[in-house]
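query.cif, holding mmCIF, C-alpha atoms:
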```
data_model
loop_
_atom_site.label_atom_id
_atom_site.label_comp_id
_atom_site.auth_asym_id
_atom_site.auth_seq_id
_atom_site.Cartn_x
_atom_site.Cartn_y
_atom_site.Cartn_z
CA MET A 158 49.82 198.87 -166.46
CA SER A 159 49.49 195.38 -167.72
CA ARG A 160 48.93 192.57 -165.31
CA ARG A 161 50.46 189.22 -165.97
CA PRO A 162 47.88 186.57 -165.17
CA TYR A 163 49.10 183.25 -163.87
CA ILE A 164 48.91 180.73 -166.68
CA GLN A 165 49.75 177.20 -165.85
CA GLU A 166 51.49 175.35 -168.64
CA VAL A 167 49.57 172.17 -169.45
CA SER A 168 51.07 169.72 -171.88
CA PRO A 169 48.33 168.28 -174.10
CA THR A 170 50.18 164.98 -174.47
CA ALA A 171 51.80 164.40 -171.07
CA TRP A 172 49.45 166.11 -168.58
CA PHE A 173 48.39 162.85 -166.96
CA PHE A 174 51.87 162.12 -165.57
CA LYS A 175 51.34 164.93 -163.06
CA ARG A 176 49.17 163.12 -160.54
CA PRO A 177 48.44 159.45 -159.73
CA ARG A 178 44.73 160.26 -160.01
CA TYR A 179 45.21 161.38 -163.63
CA MET A 180 47.24 158.24 -164.30
CA ARG A 181 44.41 156.06 -163.01
CA TYR A 182 41.99 157.97 -165.22
CA MET A 183 44.22 157.39 -168.25
CA ALA A 184 44.67 153.70 -167.37
CA ARG A 185 40.88 153.41 -167.54
CA GLU A 186 40.81 155.31 -170.86
CA VAL A 187 43.36 152.88 -172.34
CA THR A 188 41.08 149.93 -171.55
CA SER A 189 38.87 151.09 -174.45
CA ILE A 190 41.71 150.31 -176.90
CA PHE A 191 41.96 146.71 -175.68
CA ILE A 192 38.20 146.17 -175.51
CA GLY A 193 37.85 147.76 -178.96
CA ILE A 194 40.42 145.39 -180.47
CA TYR A 195 38.78 142.46 -178.68
CA THR A 196 35.41 143.41 -180.18
CA ILE A 197 36.98 143.35 -183.65
CA ILE A 198 38.45 139.87 -182.88
CA MET A 199 34.94 138.66 -181.96
CA LEU A 200 33.63 140.11 -185.23
CA VAL A 201 36.36 138.30 -187.21
CA GLY A 202 35.43 135.09 -185.39
CA LEU A 203 31.79 135.57 -186.40
CA ALA A 204 32.85 136.16 -190.01
CA ARG A 205 34.96 132.96 -190.09
CA LEU A 206 32.14 131.02 -188.38
CA SER A 207 29.74 132.10 -191.12
CA GLU A 208 32.18 130.97 -193.83
CA GLY A 209 32.39 127.35 -192.75
CA GLN A 210 34.10 124.84 -190.49
CA ALA A 211 37.58 124.98 -192.11
CA GLN A 212 37.67 128.79 -191.87
CA TYR A 213 36.49 128.75 -188.25
CA GLU A 214 39.08 126.11 -187.28
CA GLY A 215 41.65 128.42 -188.90
CA PHE A 216 40.45 131.26 -186.67
CA LEU A 217 40.80 129.06 -183.57
CA ALA A 218 44.32 128.09 -184.70
CA ALA A 219 45.22 131.77 -185.16
CA LEU A 220 44.08 132.43 -181.56
CA ARG A 221 46.82 130.06 -180.36
CA GLN A 222 49.64 132.33 -181.59
CA PRO A 223 51.83 133.62 -178.72
CA LEU A 224 50.95 137.24 -179.60
CA SER A 225 47.25 136.40 -179.27
CA ILE A 226 47.78 134.80 -175.85
CA VAL A 227 49.74 137.86 -174.64
CA PHE A 228 47.00 140.15 -175.98
CA HIS A 229 44.31 138.11 -174.20
CA VAL A 230 46.15 138.31 -170.87
CA PHE A 231 46.49 142.10 -171.15
CA ALA A 232 42.92 142.46 -172.42
CA LEU A 233 41.64 140.44 -169.46
CA ALA A 234 43.54 142.58 -166.95
CA PHE A 235 42.41 145.84 -168.58
CA SER A 236 38.81 144.71 -168.93
CA LEU A 237 38.68 143.74 -165.24
CA TYR A 238 40.04 147.18 -164.35
CA ASN A 239 37.39 148.70 -166.61
CA SER A 240 34.65 146.66 -164.95
CA PHE A 241 35.68 147.40 -161.36
CA THR A 242 36.04 151.14 -161.97
CA TRP A 243 32.64 151.14 -163.70
CA PHE A 244 30.95 149.31 -160.81
CA ASN A 245 32.57 151.63 -158.27
CA VAL A 246 31.37 154.77 -160.06
CA ALA A 247 27.88 153.36 -160.69
CA PRO A 248 26.39 154.91 -157.49
CA LYS A 249 27.43 158.35 -158.79
CA ALA A 250 26.17 157.73 -162.32
CA LEU A 251 22.97 156.00 -161.25
CA PRO A 252 21.76 157.47 -157.95
CA ILE A 253 18.55 155.72 -156.91
CA GLN A 254 16.25 157.86 -154.80
CA VAL A 255 14.60 156.17 -151.84
CA GLY A 256 12.17 158.48 -150.07
CA GLU A 257 14.06 161.63 -149.04
CA GLY A 258 17.55 160.25 -149.51
CA PHE A 259 19.46 158.03 -151.88
CA MET A 260 20.26 154.36 -151.79
CA PRO A 261 23.67 153.86 -150.11
CA ASP A 262 26.62 153.74 -152.56
CA SER A 263 27.64 150.33 -151.24
CA VAL A 264 24.27 148.83 -152.22
CA VAL A 265 24.41 150.09 -155.83
CA ALA A 266 28.08 149.14 -156.30
CA GLY A 267 27.66 145.86 -154.41
CA GLY A 268 24.64 144.98 -156.52
CA HIS A 269 26.74 145.41 -159.65
CA TYR A 270 29.41 143.07 -158.29
CA VAL A 271 26.81 140.44 -157.39
CA VAL A 272 25.20 140.61 -160.85
CA TRP A 273 28.66 140.48 -162.45
CA VAL A 274 29.70 137.34 -160.53
CA LEU A 275 26.40 135.55 -161.20
CA LEU A 276 26.39 136.47 -164.90
CA SER A 277 30.04 135.41 -165.32
CA LEU A 278 29.34 132.07 -163.63
CA PHE A 279 26.26 131.58 -165.81
CA ILE A 280 28.24 132.25 -169.03
CA LEU A 281 31.04 129.88 -167.91
CA PHE A 282 28.39 127.23 -167.22
CA TRP A 283 26.65 127.90 -170.55
CA ALA A 284 29.95 127.61 -172.39
CA GLY A 285 30.62 124.24 -170.76
CA VAL A 286 33.67 125.39 -168.80
CA ILE A 287 32.24 124.60 -165.35
CA MET B 112 15.90 174.13 -178.50
CA ALA B 113 18.35 172.81 -181.05
CA LYS B 114 18.16 169.13 -181.73
CA SER B 115 21.14 167.11 -180.62
CA ASN B 116 22.37 163.65 -181.50
CA LYS B 117 23.90 163.31 -178.05
CA PRO B 118 21.12 161.22 -176.45
CA ILE B 119 21.64 158.50 -179.08
CA ILE B 120 25.40 158.41 -178.63
CA TRP B 121 25.05 158.61 -174.85
CA GLY B 122 22.43 155.89 -174.73
CA THR B 123 24.69 153.40 -176.48
CA PHE B 124 27.62 154.63 -174.42
CA ALA B 125 25.81 153.93 -171.14
CA ALA B 126 24.14 150.66 -172.19
CA GLY B 127 27.37 149.53 -173.85
CA GLY B 128 29.44 150.50 -170.84
CA GLU B 129 27.18 148.47 -168.56
CA LEU B 130 27.11 145.43 -170.85
CA VAL B 131 30.86 145.54 -171.56
CA SER B 132 31.64 145.83 -167.84
CA LEU B 133 29.42 142.88 -167.00
CA ILE B 134 30.35 140.37 -169.71
CA THR B 135 33.62 141.28 -171.49
CA PRO B 136 35.96 139.82 -168.82
CA VAL B 137 34.25 136.41 -168.93
CA LEU B 138 34.16 136.44 -172.76
CA ILE B 139 37.91 137.11 -172.78
CA VAL B 140 38.36 134.18 -170.37
CA LEU B 141 36.53 131.94 -172.87
CA THR B 142 38.72 132.93 -175.84
CA LEU B 143 41.84 132.88 -173.65
CA LEU B 144 41.04 129.25 -172.84
CA ALA B 145 40.65 128.60 -176.58
CA ALA B 146 43.95 130.41 -177.21
CA MET B 147 45.65 128.08 -174.72
CA GLY B 148 44.28 125.04 -176.50
CA PHE B 149 41.32 124.31 -174.22
CA VAL B 150 38.46 125.27 -176.52
CA PRO B 151 35.27 125.60 -174.41
CA GLU B 152 32.48 123.32 -175.58
CA MET B 153 30.34 126.27 -176.71
CA LEU B 154 33.14 127.70 -178.89
CA GLY B 155 33.29 124.49 -180.92
CA TYR B 156 32.14 124.88 -184.55
CA GLU B 157 28.97 122.76 -184.33
CA LYS B 158 27.65 124.36 -181.12
CA LEU B 159 28.48 127.95 -181.97
CA HIS B 160 27.17 127.57 -185.52
CA ALA B 161 23.88 126.18 -184.18
CA TYR B 162 23.69 129.06 -181.69
CA ALA B 163 24.27 131.70 -184.37
CA SER B 164 21.68 130.02 -186.61
CA HIS B 165 18.88 130.48 -184.06
CA TRP B 166 17.10 133.85 -184.03
CA PHE B 167 17.72 134.31 -180.30
CA GLY B 168 21.44 133.64 -180.71
CA LYS B 169 21.58 136.12 -183.58
CA LEU B 170 19.86 138.73 -181.42
CA VAL B 171 22.28 138.20 -178.51
CA ILE B 172 25.35 138.30 -180.78
CA PHE B 173 24.13 141.43 -182.54
CA VAL B 174 23.29 143.31 -179.32
CA VAL B 175 26.63 142.40 -177.71
CA LEU B 176 28.71 143.40 -180.76
CA PHE B 177 26.63 146.52 -181.55
CA LEU B 178 26.81 147.93 -178.01
CA SER B 179 30.51 147.03 -177.62
CA LEU B 180 31.36 148.68 -180.93
CA TRP B 181 29.56 151.96 -180.28
CA SER B 182 30.51 152.37 -176.64
CA GLN B 183 34.17 151.65 -177.34
CA ALA B 184 34.14 153.91 -180.42
CA HIS B 185 32.86 156.75 -178.26
CA ARG B 186 35.45 156.03 -175.55
CA LEU B 187 38.27 155.82 -178.12
CA ARG B 188 37.27 159.28 -179.40
CA ILE B 189 37.70 160.70 -175.89
CA THR B 190 40.93 158.72 -175.37
CA PHE B 191 42.47 160.23 -178.52
CA PHE B 192 41.60 163.70 -177.23
CA ASP B 193 43.13 162.94 -173.82
CA PHE B 194 46.38 161.83 -175.48
CA GLY B 195 46.60 165.25 -177.16
CA VAL B 196 45.02 164.54 -180.56
CA ARG B 197 42.91 167.65 -181.11
CA ALA B 198 41.52 166.73 -184.56
CA ASP B 199 38.24 165.68 -182.93
CA THR B 200 36.08 165.88 -186.08
CA LEU B 201 38.46 163.58 -187.96
CA VAL B 202 38.76 161.16 -185.02
CA ALA B 203 34.99 161.11 -184.40
CA THR B 204 34.23 160.55 -188.10
CA THR B 205 36.77 157.72 -188.24
CA VAL B 206 35.77 155.81 -185.10
CA TYR B 207 32.01 156.20 -185.66
CA SER B 208 32.43 155.14 -189.31
CA ILE B 209 34.30 152.01 -188.21
CA ALA B 210 31.55 151.29 -185.65
CA ALA B 211 28.86 151.78 -188.32
CA LEU B 212 30.70 149.57 -190.86
CA CYS B 213 31.29 146.83 -188.31
CA SER B 214 27.63 146.97 -187.20
CA VAL B 215 26.51 146.44 -190.81
CA ALA B 216 29.11 143.67 -191.21
CA THR B 217 27.76 141.94 -188.06
CA ALA B 218 24.23 141.94 -189.50
CA VAL B 219 25.47 140.69 -192.90
CA TYR B 220 27.46 137.83 -191.32
CA LEU B 221 24.50 136.84 -189.13
CA PHE B 222 22.22 136.66 -192.18
CA ARG B 223 24.55 134.06 -193.73
CA PHE B 224 23.70 131.42 -191.12
#
```
What would you get if you wrote out this structure as structure tokens?
Amino acid sequence: MSRRPYIQEVSPTAWFFKRPRYMRYMAREVTSIFIGIYTIIMLVGLARLSEGQAQYEGFLAALRQPLSIVFHVFALAFSLYNSFTWFNVAPKALPIQVGEGFMPDSVVAGGHYVVWVLLSLFILFWAGVI
Amino acid sequence: MAKSNKPIIWGTFAAGGELVSLITPVLIVLTLLAAMGFVPEMLGYEKLHAYASHWFGKLVIFVVLFLSLWSQAHRLRITFFDFGVRADTLVATTVYSIAALCSVATAVYLFRF
């Protein structure tokens, strides 16, 4: 007698619509596309910078296209989501042992947020924005 | 025990993930300002060119781009798989090749300053 085991159908392309938790996971995955494209934009900027002033001014002009502004807004939102989810999971990825126990999650995650704020302020100051 | 290349990939993934999380949002803010016509002082040609000409600036630029490239390449590989693309060898070869090419390009551009 053959038994029919229970096999759950899982769609390889649409599985993440099943639960909000999966959707949040996929939202985080998608951030890599935006950050990847942004990295390439930085590389192009470096290339133009190395070619001379006219080429670099051309790069800055290209940044002002509406499509570029829209991309930047999305990239900023996705990169913030990426950062916050990374900081929040840091206590799990980087458990620091203190004596018998571990450092509280809030300290590890909170430390990341503090470093992030200070570093961001420093870079804004360095860039002459503030 | 068989040798594995995973520690190398994972090292850049972790270091890159940390660096990207800490500085990418503020970098995007800087270029967003430039995109809106308010070019930050540091993104001006003279200043940025001087920065990239100094060995320390070169080092910072290379580390930031190198770690961003490799960590995002690794994440993109996983993202493709999660969206149902099962040709992992092809995807991995493609994204890691792009990361390798762009890393070399970064070094070549930096040597021009």
Handout entry: From A:Phe244, A:Val265, A:Leu220, A:Tyr163, residue lying nearest chain B [only C-alpha atoms]
Key =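 Using only C-alpha atoms, chain B sits closest to A:Leu220.
When CA of Ile280 (chain A) is paired with CA of Val137 (chain B), their separation reads 7.3 Å.
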Practice task
Determine the residue membership of the PyMOL selection byres ((chain B) within 9 of (chain A)) for the file above and supply it as a PyMOL selection string.
Solution key: chain B and resi 128-129+131-143+145-148+150-157+159-160+163+172+176+179-180+182-184+186-187+189-190+192-197+213+216-217+220-224
Practice task
Write out as a ChimeraX atom specification the residues lying within 9 Å of region 166-170 of chain B, counting all atoms listed in the file and excluding same-chain residues fewer than 4 positions away.
Solution key: /B:161-162,174-175,218,221-222
Problem - Selection near Thr200 (chain B), 12 Å with all atoms listed in the file, sequence-local residues under 6 positions removed, as a list of chain:residue names - result: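 The filter keeps B:Arg188, B:Ile189, B:Phe191, B:Phe192, B:Val206, B:Tyr207, B:Ser208.
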Problem - Computed interatomic separation between CA of Ile119 (chain B) and CA of Ser214 (chain B) (Å) - result: 15.3 Å
Fill in the blank from the handout: In Å and to one decimal, CA of Gly215 (chain A) is distant from CA of Val215 (chain B) by 23.6 Å
Adding 5 Å on each side of the box along x, y and z that holds all listed atoms of region 188-202 of chain A, could you give its centre and edge lengths in Å to one decimal, as JSON?
```
{"center_x": 37.8, "center_y": 143.1, "center_z": -179.4, "size_x": 18.3, "size_y": 26.0, "size_z": 25.7}
```
Problem - Which of B:Thr123, B:Ser164, B:His185, B:Phe177 sits closest to Ala211 (chain B) [using only C-alpha atoms] - result: B:Phe177
